[in-house]
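Heads up, run24.cif below (mmCIF, C-alpha atoms):
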data_my_file
loop_
_atom_site.group_PDB
_atom_site.id
_atom_site.type_symbol
_atom_site.label_atom_id
_atom_site.label_comp_id
_atom_site.auth_asym_id
_atom_site.auth_seq_id
_atom_site.Cartn_x
_atom_site.Cartn_y
_atom_site.Cartn_z
ATOM 1 C CA MET I 1068 -25.297 2.694 -4.334
ATOM 2 C CA ALA I 1069 -22.509 0.225 -4.279
ATOM 3 C CA SER I 1070 -19.333 1.526 -5.828
ATOM 4 C CA LEU I 1071 -17.344 -0.533 -8.256
ATOM 5 C CA GLN I 1072 -13.596 -0.111 -8.569
ATOM 6 C CA GLN I 1073 -11.335 -2.297 -10.678
ATOM 7 C CA ALA I 1074 -7.700 -2.081 -11.613
ATOM 8 C CA SER I 1075 -6.487 -3.579 -14.860
ATOM 9 C CA ILE I 1076 -3.046 -2.108 -15.359
ATOM 10 C CA SER I 1077 -0.082 -3.770 -17.021
ATOM 11 C CA LEU I 1078 3.105 -1.748 -16.645
ATOM 12 C CA GLN I 1079 6.598 -2.948 -17.493
ATOM 13 C CA PRO I 1080 9.032 -0.190 -16.550
ATOM 14 C CA LYS I 1081 12.345 -0.256 -18.363
ATOM 15 C CA LEU I 1082 15.127 -1.482 -16.089
ATOM 16 C CA LEU I 1083 18.543 0.076 -16.528
ATOM 17 C CA SER I 1084 21.679 -1.913 -17.191
ATOM 18 C CA SER I 1085 24.757 -1.360 -15.036
ATOM 19 C CA SER I 1086 26.457 0.396 -17.964
ATOM 20 C CA GLN I 1087 23.858 3.178 -18.105
ATOM 21 C CA HIS I 1088 24.361 6.352 -16.109
ATOM 22 C CA PRO I 1089 21.391 7.940 -14.321
ATOM 23 C CA ARG I 1090 20.402 11.398 -15.420
ATOM 24 C CA SER I 1091 20.463 14.172 -12.870
ATOM 25 C CA LEU I 1092 17.388 13.942 -10.687
ATOM 26 C CA PRO I 1093 15.389 16.764 -9.132
ATOM 27 C CA SER I 1094 15.846 17.136 -5.427
ATOM 28 C CA LEU I 1095 13.248 15.111 -3.564
ATOM 29 C CA ASN I 1096 11.701 15.979 -0.239
ATOM 30 C CA LEU I 1097 12.327 12.822 1.732
ATOM 31 C CA SER I 1098 11.629 14.345 5.120
ATOM 32 C CA PHE I 1099 9.306 12.203 7.215
ATOM 33 C CA SER I 1100 8.302 15.138 9.404
ATOM 34 C CA ALA I 1101 7.576 17.494 6.511
ATOM 35 C CA THR I 1102 5.558 15.165 4.296
ATOM 36 C CA PHE I 1103 4.400 12.402 6.608
ATOM 37 C CA PRO I 1104 4.058 14.050 10.051
ATOM 38 C CA SER I 1105 2.473 11.008 11.712
ATOM 39 C CA LEU I 1106 5.245 8.648 10.628
ATOM 40 C CA LYS I 1107 7.878 8.036 13.295
ATOM 41 C CA LEU I 1108 9.853 4.987 12.305
ATOM 42 C CA SER I 1109 13.434 3.887 12.448
ATOM 43 C CA THR I 1110 14.875 3.327 8.980
ATOM 44 C CA THR I 1111 17.004 0.425 10.229
ATOM 45 C CA ARG I 1112 15.824 -3.139 10.034
ATOM 46 C CA PRO I 1113 14.677 -4.809 13.271
ATOM 47 C CA LEU I 1114 17.097 -7.220 14.917
ATOM 48 C CA HIS I 1115 14.514 -9.300 16.776
ATOM 49 C CA GLY I 1116 10.966 -10.458 16.013
ATOM 50 C CA GLY I 1117 11.436 -9.548 12.359
ATOM 51 C CA ALA I 1118 8.094 -10.686 10.965
ATOM 52 C CA LYS I 1119 6.034 -9.062 13.714
ATOM 53 C CA MET I 1120 7.950 -5.789 13.593
ATOM 54 C CA SER I 1121 7.814 -5.700 9.789
ATOM 55 C CA ALA I 1122 4.033 -6.015 9.963
ATOM 56 C CA SER I 1123 3.956 -3.150 12.447
ATOM 57 C CA ALA I 1124 6.216 -1.060 10.210
ATOM 58 C CA ALA I 1125 4.030 -1.755 7.162
ATOM 59 C CA SER I 1126 0.965 -0.687 9.135
ATOM 60 C CA SER I 1127 2.678 2.547 10.229
ATOM 61 C CA TYR I 1128 3.767 3.389 6.687
ATOM 62 C CA ALA I 1129 0.280 2.671 5.324
ATOM 63 C CA THR I 1130 -1.385 4.775 8.037
ATOM 64 C CA ALA I 1131 1.001 7.648 7.332
ATOM 65 C CA LEU I 1132 0.162 7.568 3.612
ATOM 66 C CA ALA I 1133 -3.563 7.452 4.390
ATOM 67 C CA ASP I 1134 -3.211 10.404 6.782
ATOM 68 C CA VAL I 1135 -1.556 12.500 4.076
ATOM 69 C CA ALA I 1136 -4.206 11.490 1.526
ATOM 70 C CA LYS I 1137 -6.996 12.313 3.979
ATOM 71 C CA SER I 1138 -5.517 15.732 4.750
ATOM 72 C CA ASN I 1139 -5.271 16.426 1.001
ATOM 73 C CA ASN I 1140 -8.774 15.087 0.292
ATOM 74 C CA THR I 1141 -7.258 12.569 -2.126
ATOM 75 C CA LEU I 1142 -8.138 9.275 -0.450
ATOM 76 C CA ASP I 1143 -9.822 7.799 -3.521
ATOM 77 C CA ALA I 1144 -7.078 8.957 -5.876
ATOM 78 C CA THR I 1145 -4.416 7.619 -3.506
ATOM 79 C CA SER I 1146 -6.229 4.288 -3.301
ATOM 80 C CA SER I 1147 -6.077 4.170 -7.098
ATOM 81 C CA ASP I 1148 -2.349 4.943 -6.905
ATOM 82 C CA VAL I 1149 -1.835 2.103 -4.453
ATOM 83 C CA GLU I 1150 -3.611 -0.321 -6.790
ATOM 84 C CA LYS I 1151 -1.235 0.712 -9.571
ATOM 85 C CA VAL I 1152 1.738 0.263 -7.252
ATOM 86 C CA GLU I 1153 0.484 -3.199 -6.295
ATOM 87 C CA THR I 1154 0.317 -4.191 -9.965
ATOM 88 C CA ILE I 1155 3.767 -2.794 -10.720
ATOM 89 C CA PHE I 1156 5.512 -4.505 -7.802
ATOM 90 C CA SER I 1157 3.735 -7.811 -8.387
ATOM 91 C CA ASP I 1158 6.264 -8.247 -11.198
ATOM 92 C CA PRO I 1159 9.132 -10.225 -9.573
ATOM 93 C CA GLN I 1160 11.677 -8.496 -11.821
ATOM 94 C CA VAL I 1161 10.599 -5.059 -10.620
ATOM 95 C CA LEU I 1162 10.603 -6.055 -6.952
ATOM 96 C CA GLU I 1163 13.996 -7.733 -7.292
ATOM 97 C CA PHE I 1164 15.450 -4.605 -8.905
ATOM 98 C CA PHE I 1165 14.311 -2.293 -6.111
ATOM 99 C CA THR I 1166 15.289 -4.641 -3.277
ATOM 100 C CA ASN I 1167 18.713 -5.447 -4.727
ATOM 101 C CA PRO I 1168 21.257 -3.827 -2.351
ATOM 102 C CA THR I 1169 23.983 -3.812 -5.023
ATOM 103 C CA ILE I 1170 22.056 -1.433 -7.315
ATOM 104 C CA ASP I 1171 22.743 2.249 -6.729
ATOM 105 C CA VAL I 1172 19.928 4.270 -5.140
ATOM 106 C CA LEU I 1173 20.147 6.893 -7.899
ATOM 107 C CA LYS I 1174 19.407 4.228 -10.504
ATOM 108 C CA LYS I 1175 16.427 3.074 -8.473
ATOM 109 C CA ARG I 1176 15.144 6.634 -8.248
ATOM 110 C CA GLN I 1177 15.529 7.077 -11.995
ATOM 111 C CA VAL I 1178 13.438 3.974 -12.705
ATOM 112 C CA LEU I 1179 10.969 5.137 -10.068
ATOM 113 C CA ASP I 1180 10.698 8.491 -11.881
ATOM 114 C CA GLU I 1181 9.770 6.613 -15.051
ATOM 115 C CA ILE I 1182 7.162 4.560 -13.187
ATOM 116 C CA VAL I 1183 5.673 7.668 -11.563
ATOM 117 C CA SER I 1184 5.468 9.438 -14.927
ATOM 118 C CA SER I 1185 3.977 6.537 -16.894
ATOM 119 C CA SER I 1186 1.519 5.655 -14.121
ATOM 120 C CA GLU I 1187 0.552 9.290 -13.426
ATOM 121 C CA LEU I 1188 0.981 8.871 -9.680
ATOM 122 C CA GLN I 1189 0.286 11.812 -7.395
ATOM 123 C CA PRO I 1190 3.280 13.747 -6.004
ATOM 124 C CA HIS I 1191 2.768 12.523 -2.426
ATOM 125 C CA THR I 1192 2.544 8.906 -3.623
ATOM 126 C CA ALA I 1193 5.752 9.347 -5.610
ATOM 127 C CA ASN I 1194 7.422 10.930 -2.594
ATOM 128 C CA PHE I 1195 6.251 8.053 -0.421
ATOM 129 C CA LEU I 1196 7.841 5.493 -2.757
ATOM 130 C CA ASN I 1197 11.079 7.463 -2.730
ATOM 131 C CA ILE I 1198 11.024 7.380 1.068
ATOM 132 C CA LEU I 1199 10.715 3.593 0.990
ATOM 133 C CA VAL I 1200 13.627 3.314 -1.436
ATOM 134 C CA ASP I 1201 15.759 5.723 0.592
ATOM 135 C CA ALA I 1202 14.956 3.895 3.847
ATOM 136 C CA LYS I 1203 15.576 0.498 2.221
ATOM 137 C CA ARG I 1204 12.037 -0.613 3.146
ATOM 138 C CA ILE I 1205 10.650 -1.102 -0.359
ATOM 139 C CA ASP I 1206 10.636 -4.817 0.457
ATOM 140 C CA LEU I 1207 7.564 -4.069 2.593
ATOM 141 C CA ILE I 1208 5.546 -2.757 -0.351
ATOM 142 C CA LYS I 1209 3.164 -5.742 -0.587
ATOM 143 C CA GLU I 1210 2.404 -5.604 3.147
ATOM 144 C CA ILE I 1211 1.978 -1.827 2.958
ATOM 145 C CA VAL I 1212 -0.543 -2.214 0.130
ATOM 146 C CA LYS I 1213 -2.594 -4.651 2.213
ATOM 147 C CA GLU I 1214 -2.464 -2.416 5.275
ATOM 148 C CA PHE I 1215 -3.416 0.679 3.284
ATOM 149 C CA GLU I 1216 -6.397 -1.196 1.885
ATOM 150 C CA LEU I 1217 -7.589 -1.941 5.421
ATOM 151 C CA VAL I 1218 -7.131 1.679 6.540
ATOM 152 C CA TYR I 1219 -8.878 3.004 3.432
ATOM 153 C CA ASN I 1220 -11.817 0.643 3.909
ATOM 154 C CA GLN I 1221 -12.178 1.752 7.522
ATOM 155 C CA LEU I 1222 -12.055 5.450 6.713
ATOM 156 C CA THR I 1223 -14.580 5.187 3.880
ATOM 157 C CA ASP I 1224 -16.856 2.451 5.310
ATOM 158 C CA THR I 1225 -15.996 0.249 2.349
ATOM 159 C CA GLU I 1226 -16.362 -3.517 2.159
ATOM 160 C CA LEU I 1227 -13.837 -5.318 -0.020
ATOM 161 C CA ALA I 1228 -15.158 -8.266 -2.004
ATOM 162 C CA VAL I 1229 -12.723 -10.480 -3.910
ATOM 163 C CA VAL I 1230 -14.427 -12.154 -6.865
ATOM 164 C CA SER I 1231 -12.616 -15.158 -8.368
ATOM 165 C CA SER I 1232 -13.729 -16.601 -11.687
ATOM 166 C CA VAL I 1233 -12.413 -18.670 -14.592
ATOM 167 C CA VAL I 1234 -12.911 -15.847 -17.082
ATOM 168 C CA LYS I 1235 -13.257 -12.115 -16.635
ATOM 169 C CA LEU I 1236 -16.805 -11.196 -15.579
ATOM 170 C CA GLU I 1237 -18.753 -8.418 -17.285
ATOM 171 C CA SER I 1238 -18.997 -5.086 -15.476
ATOM 172 C CA GLN I 1239 -22.772 -5.389 -15.050
ATOM 173 C CA HIS I 1240 -22.345 -8.739 -13.308
ATOM 174 C CA LEU I 1241 -19.742 -7.274 -10.973
ATOM 175 C CA ALA I 1242 -22.107 -4.400 -10.212
ATOM 176 C CA GLN I 1243 -24.824 -6.900 -9.261
ATOM 177 C CA ILE I 1244 -22.372 -8.727 -6.996
ATOM 178 C CA ALA I 1245 -21.417 -5.404 -5.363
ATOM 179 C CA LYS I 1246 -25.074 -4.641 -4.630
ATOM 180 C CA GLN I 1247 -25.627 -8.047 -3.055
ATOM 181 C CA VAL I 1248 -22.528 -7.743 -0.865
ATOM 182 C CA GLN I 1249 -23.706 -4.288 0.180
ATOM 183 C CA LYS I 1250 -27.048 -5.761 1.259
ATOM 184 C CA LEU I 1251 -25.319 -8.527 3.210
ATOM 185 C CA THR I 1252 -22.869 -6.247 5.010
ATOM 186 C CA GLY I 1253 -24.682 -2.923 5.271
ATOM 187 C CA ALA I 1254 -21.492 -1.178 4.136
ATOM 188 C CA LYS I 1255 -21.731 2.303 2.615
ATOM 189 C CA ASN I 1256 -19.525 1.258 -0.286
ATOM 190 C CA VAL I 1257 -18.409 -2.022 -1.834
ATOM 191 C CA ARG I 1258 -15.136 -2.364 -3.691
ATOM 192 C CA ILE I 1259 -14.722 -5.300 -6.054
ATOM 193 C CA LYS I 1260 -11.367 -6.894 -6.707
ATOM 194 C CA THR I 1261 -11.230 -9.565 -9.411
ATOM 195 C CA MET I 1262 -8.992 -12.613 -9.733
ATOM 196 C CA ILE I 1263 -8.757 -15.322 -12.395
ATOM 197 C CA ASP I 1264 -8.806 -18.894 -11.010
ATOM 198 C CA PRO I 1265 -8.955 -21.644 -13.675
ATOM 199 C CA SER I 1266 -9.355 -24.340 -10.990
ATOM 200 C CA LEU I 1267 -12.974 -23.261 -10.435
ATOM 201 C CA VAL I 1268 -13.963 -24.922 -13.777
ATOM 202 C CA ALA I 1269 -16.840 -22.435 -14.154
ATOM 203 C CA GLY I 1270 -18.843 -20.021 -12.042
ATOM 204 C CA PHE I 1271 -17.282 -17.775 -9.405
ATOM 205 C CA THR I 1272 -16.578 -17.284 -5.711
ATOM 206 C CA ILE I 1273 -16.921 -14.169 -3.549
ATOM 207 C CA ARG I 1274 -14.829 -13.554 -0.441
ATOM 208 C CA TYR I 1275 -15.614 -10.652 1.891
ATOM 209 C CA GLY I 1276 -15.576 -9.794 5.569
ATOM 210 C CA SER I 1277 -12.558 -9.516 7.837
ATOM 211 C CA SER I 1278 -9.557 -11.015 5.986
ATOM 212 C CA GLY I 1279 -11.954 -12.709 3.549
ATOM 213 C CA SER I 1280 -13.544 -14.782 6.298
ATOM 214 C CA LYS I 1281 -16.901 -15.090 4.516
ATOM 215 C CA LEU I 1282 -17.268 -17.086 1.308
ATOM 216 C CA ILE I 1283 -20.018 -17.375 -1.286
ATOM 217 C CA ASP I 1284 -19.136 -20.281 -3.571
ATOM 218 C CA MET I 1285 -20.995 -20.396 -6.882
ATOM 219 C CA SER I 1286 -18.365 -22.439 -8.712
ATOM 220 C CA VAL I 1287 -18.817 -25.674 -10.656
ATOM 221 C CA LYS I 1288 -15.833 -27.079 -8.760
ATOM 222 C CA LYS I 1289 -17.779 -26.783 -5.517
ATOM 223 C CA GLN I 1290 -20.838 -28.420 -7.058
ATOM 224 C CA LEU I 1291 -18.736 -31.327 -8.361
ATOM 225 C CA GLU I 1292 -17.146 -31.798 -4.931
ATOM 226 C CA GLU I 1293 -20.597 -31.915 -3.309
ATOM 227 C CA ILE I 1294 -21.831 -34.478 -5.844
ATOM 228 C CA ALA I 1295 -18.705 -36.583 -5.297
ATOM 229 C CA ALA I 1296 -19.241 -36.443 -1.550
ATOM 230 C CA GLN I 1297 -22.881 -37.534 -1.891
ATOM 231 C CA LEU I 1298 -21.850 -40.450 -4.078
ATOM 232 C CA ASP I 1299 -18.947 -41.334 -1.776
ATOM 233 C CA LEU I 1300 -16.454 -40.640 -4.566
ATOM 234 C CA GLY I 1301 -14.202 -38.439 -2.489
ATOM 235 C CA ASP I 1302 -11.062 -40.406 -3.372
ATOM 236 C CA ILE I 1303 -11.570 -39.973 -7.123
ATOM 237 C CA GLN I 1304 -9.621 -37.084 -8.642
ATOM 238 C CA LEU I 1305 -11.825 -34.898 -10.817
ATOM 239 C CA ALA I 1306 -10.238 -33.832 -14.102
ATOM 240 C CA VAL I 1307 -10.121 -30.099 -14.641
#

Written form, structure tokens:
Amino acid sequence: MASLQQASISLQPKLLSSSQHPRSLPSLNLSFSATFPSLKLSTTRPLHGGAKMSASAASSYATALADVAKSNNTLDATSSDVEKVETIFSDPQVLEFFTNPTIDVLKKRQVLDEIVSSSELQPHTANFLNILVDAKRIDLIKEIVKEFELVYNQLTDTELAVVSSVVKLESQHLAQIAKQVQKLTGAKNVRIKTMIDPSLVAGFTIRYGSSGSKLIDMSVKKQLEEIAAQLDLGDIQLAV
């Protein structure tokens, strides 16, 4: 049966002012070899081909996290952790805080401790985030999330379907969509990710396949565009 996984988390960790002093932190195991044996990366930033090498680094970090999760039999729980992390770092203020080179690492670790506690992240996920902060690669977090998603889907034979709609769809409707995508793809599992898109007017769209290459468009916007095309009204802007 198609599986349905959604993340609806809103976390706003408290950021510390420069006048506050970090409390003493427990010692953290930041050893790549001890915790992430398959991860062999330089912690310095690449000098040439930055974008390409950053993508490669993000893939290596994501694969290392997936390897640890697989060895611990916590792939699903780690995937849930990664969804939480994605939500947290989608806040520009949070990302700016952690990527700011003028903020002391101890302060970043203190805020990270608060995030880990409030989000109930697993120890290896928390350790992974500390590694990124220590290596000054937390700026790759969005790319790492995407890469982890790909690795997770491969390991679990899961098809990701992104459902965009004007309003939040009911869980039973999302379950029906998951079943239909499962029939179309033959995947063992289907994971639904939802997005709100007011420009659709009404209805919804479903993207699935490699990098969202396949589209099912059930939106009113699409229907209006088709009607306009049939009536040769393509130059007329439709009010939303």

Discussion item. To test your reading of the syntax: which residues would the PyMOL selection byres ((chain I and resi 1196) around 12) return for the file shown? Reply as an NGL selection string.
Written reply: :I and (1095-1097 or 1128-1129 or 1132 or 1148-1149 or 1152-1153 or 1156 or 1165 or 1175-1176 or 1178-1180 or 1182-1183 or 1188-1195 or 1197-1208 or 1211-1212)

Practice prompt. Convert the output of the PyMOL selection byres ((chain I and resi 1226-1232) around 6) on the shown file into explicit residues, formatted as a VMD selection string.
Written response: chain I and resid 1225 1233 to 1234 1254 1257 to 1264 1271 to 1275

Response to the item:
Using all atoms listed in the file, the best pick from I:Met1285, I:Ala1144, I:Val1268, I:Leu1298 as closest to Ile1244 in chain I would be I:Met1285

Evaluate the PyMOL selection byres ((chain I and resi 1224) around 12) here and jot the selected residues down as a short mmCIF file (atom, residue, chain, number, x, y, z; two decimals) with C-alpha atoms, in the coordinates of the input.
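Dumped everything to part-v4.cif:
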data_model
loop_
_atom_site.label_atom_id
_atom_site.label_comp_id
_atom_site.auth_asym_id
_atom_site.auth_seq_id
_atom_site.Cartn_x
_atom_site.Cartn_y
_atom_site.Cartn_z
CA ALA I 1069 -22.51 0.22 -4.28
CA SER I 1070 -19.33 1.53 -5.83
CA GLU I 1216 -6.40 -1.20 1.88
CA LEU I 1217 -7.59 -1.94 5.42
CA VAL I 1218 -7.13 1.68 6.54
CA TYR I 1219 -8.88 3.00 3.43
CA ASN I 1220 -11.82 0.64 3.91
CA GLN I 1221 -12.18 1.75 7.52
CA LEU I 1222 -12.06 5.45 6.71
CA THR I 1223 -14.58 5.19 3.88
CA THR I 1225 -16.00 0.25 2.35
CA GLU I 1226 -16.36 -3.52 2.16
CA LEU I 1227 -13.84 -5.32 -0.02
CA GLN I 1249 -23.71 -4.29 0.18
CA THR I 1252 -22.87 -6.25 5.01
CA GLY I 1253 -24.68 -2.92 5.27
CA ALA I 1254 -21.49 -1.18 4.14
CA LYS I 1255 -21.73 2.30 2.62
CA ASN I 1256 -19.52 1.26 -0.29
CA VAL I 1257 -18.41 -2.02 -1.83
CA ARG I 1258 -15.14 -2.36 -3.69
#

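Here CA of Ser1280 in chain I stands at a distance of 20.7 Å from CA of Glu1292 in chain I.
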
Worksheet item: Please, what distance in Å, to one decimal, runs between CA of Ala1133 in chain I and CA of Gln1247 in chain I?
Response: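 Answer for the CA of Ala1133 in chain I to CA of Gln1247 in chain I separation: 28.0 Å.
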
Worksheet item: What gap, in Å, lies between CA of Gln1160 in chain I and CA of Leu1142 in chain I?
Response: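 CA of Leu1142 in chain I lies at a distance of 28.9 Å from CA of Gln1160 in chain I.
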
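Considering all atoms listed in the file, the residue among I:Gln1297, I:Asp1158, I:Pro1168, I:Glu1210 positioned nearest to Ala1122 in chain I is I:Glu1210.
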
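Nearest residue to Thr1154 in chain I, choosing from I:Ser1127, I:Ser1186, I:Lys1289, I:Gly1279 and counting all atoms listed in the file: I:Ser1186.
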
Where atoms are lacking, range 1192-1212 of chain I completed to N, CA and C atoms, as a short mmCIF file (atom, residue, chain, number, x, y, z; two decimals), in the coordinates of the input:
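As written to disk, selection-v6.cif reads:
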data_model
loop_
_atom_site.label_atom_id
_atom_site.label_comp_id
_atom_site.auth_asym_id
_atom_site.auth_seq_id
_atom_site.Cartn_x
_atom_site.Cartn_y
_atom_site.Cartn_z
N THR I 1192 2.33 10.35 -3.46
CA THR I 1192 2.54 8.91 -3.62
C THR I 1192 3.95 8.65 -4.14
N ALA I 1193 4.39 9.47 -5.08
CA ALA I 1193 5.75 9.35 -5.61
C ALA I 1193 6.77 9.59 -4.50
N ASN I 1194 6.52 10.61 -3.69
CA ASN I 1194 7.42 10.93 -2.59
C ASN I 1194 7.48 9.78 -1.59
N PHE I 1195 6.34 9.18 -1.35
CA PHE I 1195 6.25 8.05 -0.42
C PHE I 1195 7.12 6.89 -0.91
N LEU I 1196 7.04 6.58 -2.20
CA LEU I 1196 7.84 5.49 -2.76
C LEU I 1196 9.33 5.80 -2.66
N ASN I 1197 9.69 7.07 -2.86
CA ASN I 1197 11.08 7.46 -2.73
C ASN I 1197 11.57 7.31 -1.29
N ILE I 1198 10.68 7.57 -0.35
CA ILE I 1198 11.02 7.38 1.07
C ILE I 1198 11.33 5.91 1.34
N LEU I 1199 10.50 5.03 0.79
CA LEU I 1199 10.72 3.59 0.99
C LEU I 1199 12.04 3.14 0.38
N VAL I 1200 12.35 3.67 -0.80
CA VAL I 1200 13.63 3.31 -1.44
C VAL I 1200 14.79 3.84 -0.61
N ASP I 1201 14.69 5.10 -0.17
CA ASP I 1201 15.76 5.72 0.59
C ASP I 1201 15.97 5.02 1.94
N ALA I 1202 14.88 4.56 2.54
CA ALA I 1202 14.96 3.90 3.85
C ALA I 1202 15.23 2.40 3.72
N LYS I 1203 15.36 1.93 2.48
CA LYS I 1203 15.58 0.50 2.22
C LYS I 1203 14.44 -0.34 2.82
N ARG I 1204 13.21 0.13 2.68
CA ARG I 1204 12.04 -0.61 3.15
C ARG I 1204 11.05 -0.90 2.01
N ILE I 1205 11.52 -0.81 0.77
CA ILE I 1205 10.65 -1.10 -0.36
C ILE I 1205 10.24 -2.57 -0.37
N ASP I 1206 10.99 -3.40 0.36
CA ASP I 1206 10.64 -4.82 0.46
C ASP I 1206 9.31 -5.02 1.18
N LEU I 1207 8.84 -3.98 1.87
CA LEU I 1207 7.56 -4.07 2.59
C LEU I 1207 6.36 -3.66 1.74
N ILE I 1208 6.59 -3.37 0.46
CA ILE I 1208 5.55 -2.76 -0.35
C ILE I 1208 4.26 -3.58 -0.41
N LYS I 1209 4.37 -4.92 -0.51
CA LYS I 1209 3.16 -5.74 -0.59
C LYS I 1209 2.37 -5.67 0.71
N GLU I 1210 3.08 -5.70 1.85
CA GLU I 1210 2.40 -5.60 3.15
C GLU I 1210 1.79 -4.22 3.33
N ILE I 1211 2.50 -3.19 2.85
CA ILE I 1211 1.98 -1.83 2.96
C ILE I 1211 0.69 -1.67 2.16
N VAL I 1212 0.66 -2.26 0.97
CA VAL I 1212 -0.54 -2.21 0.13
C VAL I 1212 -1.73 -2.83 0.86
#
